[in-house]
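Below is one structure, written out as structure tokens; the observations come after it.
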Amino acid sequence: MLKPGDKAPAFSLPDQDGSTTKLSSFKGRKVLVYFYPKADTPGCTTQSCGMRDILGDIGDTVVLGISPDKPEKQKKFDEKYGLGFPLLADTEHTVAEAYGVWGEKKNYGRTYMGIIRSAFLIDEKGKVEQAWYKVSPKDTPKNLLQALGT
């Protein structure tokens, strides 16, 4: 698990428009990276719309959502809810593994591997400022606002 002060694992992933997004391209700005299990499901919609709703309150902070969905599915999700920030496709879950959010989950008695909903605030120098593992969908925006002091 990542802790405050750790170097944030670098990544380069396609977004919902097929453009490549690199964490390193945001040096000098804070970045909230949040991982969600599946686009357009109830919890992920609550989390993503919550992030959309605070974009005007977080100044220069960048928001990046990451899930294992393909770019086409991310695009539909973005268009349906007017999210307005990059949704990145981690189809091989390599970034999720680097951040320690790919793990065993249980649902209705079934055990499987998937995304453990989590969020990370990365500082201007690429270090983890805050790490929220197993976060509730509703808490991601609240945690960010609190961490930014807004």
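Naming scheme: A, B, ... for chains in displayed order of the structure tokens; residues 1 onward per chain; ligands 1 onward as shown.
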Residues near Leu32 (chain A), cut-off 6 Å, only C-alpha atoms, skip fewer than 5 positions along chain, as a JSON list (two decimals) with N, CA and C atoms, in the first residue's frame:
```json
[["chain", "number", "residue", "atom", "x", "y", "z"],
["A", 63, "VAL", "N", -8.21, 16.03, -11.95],
["A", 63, "VAL", "CA", -8.92, 14.82, -11.55],
["A", 63, "VAL", "C", -8.77, 13.80, -12.67],
["A", 120, "PHE", "N", -6.14, 8.74, -4.53],
["A", 120, "PHE", "CA", -4.83, 9.23, -4.13],
["A", 120, "PHE", "C", -4.68, 10.69, -4.53],
["A", 121, "LEU", "N", -4.23, 11.50, -3.60],
["A", 121, "LEU", "CA", -3.89, 12.88, -3.92],
["A", 121, "LEU", "C", -2.39, 12.93, -4.10]]
```
With only C-alpha atoms counted and 12 Å as the cut-off, give the residues of region 5-121 of chain A in contact with region 144-148 of chain A, each with its shortest interatomic distance in Å and the pair that gives it, as CSV.
```
residue,atom,partner,partner_atom,distance
A:Lys30,CA,A:Leu148,CA,9.5
A:Val31,CA,A:Leu144,CA,10.1
A:Leu32,CA,A:Leu144,CA,7.6
A:Val33,CA,A:Leu144,CA,10.4
A:Tyr34,CA,A:Leu144,CA,10.5
A:Gln47,CA,A:Leu144,CA,12.0
A:Gly50,CA,A:Leu144,CA,10.8
A:Met51,CA,A:Leu144,CA,9.0
A:Asp53,CA,A:Leu145,CA,11.5
A:Ile54,CA,A:Leu145,CA,8.1
A:Leu55,CA,A:Leu145,CA,10.1
A:Gly56,CA,A:Leu145,CA,11.1
A:Asp57,CA,A:Leu145,CA,7.8
A:Ile58,CA,A:Leu145,CA,7.0
A:Gly59,CA,A:Leu148,CA,9.4
A:Asp60,CA,A:Leu148,CA,10.9
A:Thr61,CA,A:Leu148,CA,9.1
A:Val62,CA,A:Leu144,CA,11.1
A:Val63,CA,A:Leu144,CA,10.1
A:Ala119,CA,A:Leu144,CA,9.0
A:Phe120,CA,A:Leu144,CA,9.0
A:Leu121,CA,A:Leu144,CA,7.5
```
With region 35-43 of chain A as the partner and 12 Å as the cut-off, tabulate the residues of region 80-118 of chain A that qualify, each row holding the nearest pair of atoms and their distance in Å to one decimal, using only C-alpha atoms, sorted by chain and rising number, as a tab-separated table.
```
residue	atom	partner	partner_atom	distance
A:Lys80	CA	A:Asp40	CA	8.7
A:Tyr81	CA	A:Asp40	CA	9.1
A:Leu83	CA	A:Asp40	CA	11.6
A:Leu87	CA	A:Ala39	CA	9.4
A:Leu88	CA	A:Phe35	CA	9.5
A:Ala89	CA	A:Ala39	CA	10.4
A:Asp90	CA	A:Phe35	CA	9.7
A:Thr91	CA	A:Lys38	CA	11.0
A:His93	CA	A:Phe35	CA	10.5
A:Val95	CA	A:Phe35	CA	9.7
A:Ala96	CA	A:Phe35	CA	7.5
A:Glu97	CA	A:Phe35	CA	11.0
A:Ala98	CA	A:Phe35	CA	11.9
A:Tyr99	CA	A:Phe35	CA	9.4
A:Gly100	CA	A:Phe35	CA	10.5
A:Val101	CA	A:Phe35	CA	7.6
A:Trp102	CA	A:Phe35	CA	9.6
A:Gly103	CA	A:Pro37	CA	11.1
A:Lys105	CA	A:Pro37	CA	10.7
A:Met113	CA	A:Pro37	CA	10.4
A:Gly114	CA	A:Pro37	CA	6.7
A:Ile115	CA	A:Pro37	CA	4.9
A:Ile116	CA	A:Pro37	CA	7.0
A:Arg117	CA	A:Tyr36	CA	5.1
A:Ser118	CA	A:Phe35	CA	5.4
```
Name all residues at most 7 Å from region 4-12 of chain A (count only C-alpha atoms; drop same-chain ones fewer than 2 positions away) and give them as a ChimeraX atom specification. /A:2,20-24,95,98-99,122,126-131
Where does DSSP see alpha helix (DSSP H) in chain A, if you list the residues as an MDAnalysis selection string? chainID A and resid 42:54 71:81 94:98 139:148
Strand (DSSP E or B) positions in chain A, given as number ranges by chain: A: 7, 12-14, 20-22, 31-35, 62-67, 87-89, 102-107, 110-115, 118-122, 127-132
Atom pair CA of Gln74 (chain A) + CA of Cys49 (chain A), distance 13.5 Å
